[in-house]
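K.L.:
Please find one structure pasted underneath; my questions will follow.
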Protein chains: 2
Amino acid sequence: MYEVVKGDAERHLKLLKKKVAFVFVIGNTKTAEVEGITVAGENPELIKYTPPADVELLYYGKCKSISAIPATPDGKPTPALITYTALKLVDVPFFVVDSGLMVKPKIPYISIEAPVGNNIAESKAMDYKDVLEAFERAKTFGEQISKYVDIVIIGESIPAGTTTAAAVLKALGLNAAVSSSMPKNPVELKMKVVEKALGRMGKISDPFEIISEVGDPVMVGVSGIAMGSRKPVVLAGGTQMVAIANVLKRLGDIDAVIATTSYVTNDKNADMNLSPCPVISVDLGLDKSEKEGLRAYAQGFVKEGVGAGGAALLACVNGINQDEFVKAIEGNYYKIVESKMV
Amino acid sequence: MYEVVKGDAERHLKLLKKKVAFVFVIGNTKTAEVEGITVAGENPELIKYTPPADVELLYYGKCKSISAIPATPDGKPTPALITYTALKLVDVPFFVVDSGLMVKPKIPYISIEAPVGNNIAESKAMDYKDVLEAFERAKTFGEQISKYVDIVIIGESIPAGTTTAAAVLKALGLNAAVSSSMPKNPVELKMKVVEKALGRMGKISDPFEIISEVGDPVMVGVSGIAMGSRKPVVLAGGTQMVAIANVLKRLGDIDAVIATTSYVTNDKNADMNLSPCPVISVDLGLDKSEKEGLRAYAQGFVKEGVGAGGAALLACVNGINQDEFVKAIEGNYYKIVESKMV
């Protein structure tokens, strides 16, 4: 069900059988308001509810901030459904960090007082001082949460996060393609946003300054927690985690691997080779699903998010096989999505 | 250094040698604005900064929201200094829950969206629905945080919390005296507040309704975390924890003990016998301190707070003797308080 597609991840894979904490870092960037840039939400007004609704689903099996679960405009469900399924199968403690949310989730959440990110096409993403302060708080939390565990998995949810990730990668001097939650990736639109952002920025090498200029608040939370952790970390996500891993590499030595879905690692626009750390690809097997909404993942829709790849890896390493996992996702898809349809 | 003054706490004491998480639940009630009711802060304006400053001290060894550490009007330091010392000696993960704060701390904190408590002398403390929702979130957090530990210690910081505790105890039909952070306890003033609150309330037996009427938000957070925990808990505090333990008893079976300082258990106005669970009394030995500000604790000032008794117990159970502990507190008192004086 999984394959190490870059580097050596044996040690991290072994640790996933031991004590694991899962941390979801969620936030918003107004870059998502650029029309057509994301499908993480049925319509622009709903996009800002996607991160809180995603994590409500994880805790309660339903969303509280919105009536249905987050979906693309044509009804493909959020990857939080996959993560929810994994967390039901493997009983690990999990926590949500508000890393620049527009709408707070109706669950207990950790605040690091990160700002909402500005639209990087139009202005500087965040104040530099705010970034440093939120990073320090995330680091403190990362240290505390890692004390009794063997490994920390960090997932993310931020609409338009692939665009800010591309901007940060380019600002770091890496020539990244741009991944997307859509099969017809609006690459041109995204590259226009990225170029506008980089054009405004000037020459900068300090990674915190780069994030402040063209990044997003979730990068701040994830990198802070990873730096604060006393234990190895799994960055659960696609190109966004590649950008963050490169930031971390600039900040110091970090014992991390990236885990993501095969829908991302097979995407030519998601250059996981830019990762400075090992990469694990997880095949969710959704191509074999009876449910059209889930098969869509294998056809290039949504692909990843809310730590879905990392959560699936956790389930797999702890003895769940692909067929069981697909069945369990389908069961939850029925319970949470289909049975609620009118 | 400690003594079980009520019931049997052997099992809990053994667990304190194993994996421990410490959770600090902090908040505000406007009851603290009644003139003369609390000394948890140098002046009325500063009182609302006491809980955030207390927990900033725990993480960073200094306060960020205010320039000096919280103190009584005549300069006796916050019990957070004692807790800080214990947490430096015993490396356990600790977390802060915002359970109705007026001012947010400059640290990572868990939000359960609890409301600030109203002045119970004047009006209903909190909306019933808000109480239930905050309780549910606290419960969710308590469950997550308890998964990998053997025992959870819960401390509190809320100015005027002894007054709301007395009101809740009386509402539960227990005839409580009223404890205080002052040696000349303004009992009459407090009882006037309590009677006003109870007079307004009418006959109620639902513990959530009682808390909504005459309690405070910290009670909501502490009881939620305790109920959510899969492991035994230590309620670290004085009469406030007695009130909460009685609430918990009404809600269901709970595996808890109370740990507090001997300055509380020796106080005739702090009736720890009303506790439905075992009580551990911890003698901090501050009567032997060279520092006047610390000796004041043994003379009936401050006495307890921010989980000081429970933190000291944790240090003691893990091999720190009283002399070592007093020396360590003195060292921190010098570093954090005296050396900053002009």
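Please note that chains go A, B, ... in the order of the structure tokens, that every chain numbers its residues from 1, and that ligands are numbered from 1 in the order shown.
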Can you check which parts of chain B lie within 6 Å of chain A? Per residue, the shortest pair of atoms and distance in Å to one decimal, counting only C-alpha atoms, sorted by chain and number, as a tab-separated table.

P.N.:
```
residue	atom	partner	partner_atom	distance
B:Pro93	CA	A:Gln144	CA	4.8
B:Ile107	CA	A:Arg137	CA	5.5
B:Pro108	CA	A:Ile112	CA	4.8
B:Tyr109	CA	A:Ile110	CA	5.3
B:Ile110	CA	A:Ile110	CA	4.2
B:Ser111	CA	A:Tyr109	CA	5.4
B:Ile112	CA	A:Pro108	CA	4.8
B:Arg137	CA	A:Pro108	CA	5.1
B:Gln144	CA	A:Pro93	CA	4.8
```

K.L.:
Output the selection as a compact mmCIF listing (two decimals), in the first residue's frame - C-alpha atoms for each residue.

P.N.:
```txt
# COMPACT_ATOMS: atom_id res chain seq x y z
CA PRO B 93 4.57 17.85 29.10
CA ILE B 107 2.08 31.16 24.59
CA PRO B 108 0.39 28.34 22.68
CA TYR B 109 -2.88 27.67 24.45
CA ILE B 110 -5.87 25.41 23.94
CA SER B 111 -9.12 27.23 23.33
CA ILE B 112 -12.41 25.67 24.38
CA ARG B 137 -14.66 20.65 24.05
CA GLN B 144 -6.80 13.18 23.64
```

K.L.:
DSSP on the backbone: which residues in region 107-317 of chain A end up as strand (DSSP E or B)? Give the answer as a list in words.

P.N.:
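Written out, the strand (DSSP E or B) residues of region 107-317 of chain A are Tyr109, Ile110, Ser111, Gly117, Ile151, Val152, Ile153, Ile154, Gly155, Glu156, Ser157, Val233, Val234, Leu235, Ala236, Ala256, Val257, Ile258, Ala259, Thr260, Thr261, Val279, Ile280, Ser281 and Val282 of chain A.
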
K.L.:
Would you mind exporting the chosen residues as a PDB file, in the first residue's frame, restricted to C-alpha atoms?

P.N.:
```pdb
ATOM      1  CA  TYR A 109      -7.938  23.851  19.286  1.00  0.00           C
ATOM      2  CA  ILE A 110      -4.464  25.142  20.034  1.00  0.00           C
ATOM      3  CA  SER A 111      -3.987  28.820  19.279  1.00  0.00           C
ATOM      4  CA  GLY A 117      -2.420  35.176   5.285  1.00  0.00           C
ATOM      5  CA  ILE A 151       7.067  10.315  16.284  1.00  0.00           C
ATOM      6  CA  VAL A 152       4.835  13.272  15.427  1.00  0.00           C
ATOM      7  CA  ILE A 153       2.757  13.386  12.234  1.00  0.00           C
ATOM      8  CA  ILE A 154       1.816  16.862  11.041  1.00  0.00           C
ATOM      9  CA  GLY A 155      -0.992  17.405   8.534  1.00  0.00           C
ATOM     10  CA  GLU A 156      -2.399  20.600   7.025  1.00  0.00           C
ATOM     11  CA  SER A 157      -5.551  22.153   5.648  1.00  0.00           C
ATOM     12  CA  VAL A 233       8.360  14.026  12.357  1.00  0.00           C
ATOM     13  CA  VAL A 234       6.268  12.959   9.382  1.00  0.00           C
ATOM     14  CA  LEU A 235       5.152  15.868   7.231  1.00  0.00           C
ATOM     15  CA  ALA A 236       1.850  14.571   5.889  1.00  0.00           C
ATOM     16  CA  ALA A 256      11.682  14.352   8.930  1.00  0.00           C
ATOM     17  CA  VAL A 257      10.081  12.373   6.147  1.00  0.00           C
ATOM     18  CA  ILE A 258       7.211  13.362   3.892  1.00  0.00           C
ATOM     19  CA  ALA A 259       4.215  11.055   3.476  1.00  0.00           C
ATOM     20  CA  THR A 260       1.644  11.733   0.798  1.00  0.00           C
ATOM     21  CA  THR A 261      -0.791   9.960  -1.481  1.00  0.00           C
ATOM     22  CA  VAL A 279       9.276  10.668   0.595  1.00  0.00           C
ATOM     23  CA  ILE A 280       6.735   7.900   1.183  1.00  0.00           C
ATOM     24  CA  SER A 281       3.966   7.430  -1.359  1.00  0.00           C
ATOM     25  CA  VAL A 282       0.719   5.843  -0.174  1.00  0.00           C
TER      26      VAL A 282
END
```

K.L.:
CA of Lys18 (chain A) and CA of Leu314 (chain B) are how many Å apart?

P.N.:
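It comes out at 26.4 Å.
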
K.L.:
Could you please write out, as an MDAnalysis selection string, every residue of region 85-131 of chain A that DSSP assigns to alpha helix (DSSP H)?

P.N.:
chainID A and resid 85:89 128:131

K.L.:
Quick one: everything within 8 Å of Phe301 (chain A), counting only C-alpha atoms, minus sequence neighbours fewer than 3 positions away in the same chain. Send it as a ChimeraX atom specification.

P.N.:
/A:76,181-183,296-298

K.L.:
Take the residues that were just selected and, keeping all heavy atoms, output them as a JSON list (two decimals), in the first residue's frame.

P.N.:
```json
[["chain", "number", "residue", "atom", "x", "y", "z"],
["A", 76, "LYS", "N", -17.24, 16.33, -4.67],
["A", 76, "LYS", "CA", -16.23, 15.36, -4.23],
["A", 76, "LYS", "C", -15.82, 15.69, -2.80],
["A", 76, "LYS", "O", -15.50, 16.82, -2.49],
["A", 76, "LYS", "CB", -15.04, 15.38, -5.19],
["A", 76, "LYS", "CG", -15.46, 14.90, -6.56],
["A", 76, "LYS", "CD", -14.40, 15.06, -7.60],
["A", 76, "LYS", "CE", -14.94, 14.58, -8.93],
["A", 76, "LYS", "NZ", -15.95, 15.53, -9.51],
["A", 181, "SER", "N", -5.54, 20.73, -6.47],
["A", 181, "SER", "CA", -6.60, 19.80, -6.10],
["A", 181, "SER", "C", -7.53, 19.54, -7.28],
["A", 181, "SER", "O", -8.59, 18.96, -7.14],
["A", 181, "SER", "CB", -7.38, 20.36, -4.90],
["A", 181, "SER", "OG", -7.73, 21.70, -5.13],
["A", 182, "MET", "N", -7.12, 20.00, -8.48],
["A", 182, "MET", "CA", -7.95, 19.79, -9.67],
["A", 182, "MET", "C", -7.17, 19.01, -10.72],
["A", 182, "MET", "O", -5.97, 19.21, -10.86],
["A", 182, "MET", "CB", -8.32, 21.15, -10.27],
["A", 182, "MET", "CG", -9.18, 21.98, -9.35],
["A", 182, "MET", "SD", -9.31, 23.70, -9.89],
["A", 182, "MET", "CE", -8.16, 24.49, -8.77],
["A", 183, "PRO", "N", -7.83, 18.14, -11.50],
["A", 183, "PRO", "CA", -7.09, 17.43, -12.54],
["A", 183, "PRO", "C", -6.68, 18.37, -13.66],
["A", 183, "PRO", "O", -5.60, 18.26, -14.22],
["A", 183, "PRO", "CB", -8.08, 16.36, -13.02],
["A", 183, "PRO", "CG", -9.43, 16.85, -12.63],
["A", 183, "PRO", "CD", -9.24, 17.75, -11.45],
["A", 296, "ALA", "N", -12.96, 9.46, -7.80],
["A", 296, "ALA", "CA", -12.49, 10.75, -8.34],
["A", 296, "ALA", "C", -11.07, 11.08, -7.86],
["A", 296, "ALA", "O", -10.28, 11.68, -8.60],
["A", 296, "ALA", "CB", -13.45, 11.86, -7.94],
["A", 297, "TYR", "N", -10.74, 10.64, -6.63],
["A", 297, "TYR", "CA", -9.39, 10.89, -6.11],
["A", 297, "TYR", "C", -8.34, 10.28, -7.02],
["A", 297, "TYR", "O", -7.28, 10.87, -7.24],
["A", 297, "TYR", "CB", -9.25, 10.29, -4.70],
["A", 297, "TYR", "CG", -9.70, 11.21, -3.60],
["A", 297, "TYR", "CD1", -11.04, 11.53, -3.45],
["A", 297, "TYR", "CD2", -8.78, 11.77, -2.72],
["A", 297, "TYR", "CE1", -11.46, 12.38, -2.44],
["A", 297, "TYR", "CE2", -9.19, 12.62, -1.72],
["A", 297, "TYR", "CZ", -10.53, 12.92, -1.58],
["A", 297, "TYR", "OH", -10.92, 13.76, -0.58],
["A", 298, "ALA", "N", -8.63, 9.07, -7.51],
["A", 298, "ALA", "CA", -7.68, 8.38, -8.37],
["A", 298, "ALA", "C", -7.64, 8.99, -9.76],
["A", 298, "ALA", "O", -6.73, 8.72, -10.54],
["A", 298, "ALA", "CB", -8.03, 6.89, -8.44]]
```

K.L.:
Considering only C-alpha atoms, return as a list in words whatever protein or nucleic-acid residues lie within 7 Å of Gly238 (chain B), sequence-local ones (same chain, fewer than 4 positions apart) excluded.

P.N.:
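Surrounding residues, per the criterion: Val242, Thr260, Val264 and Glu304 of chain B.
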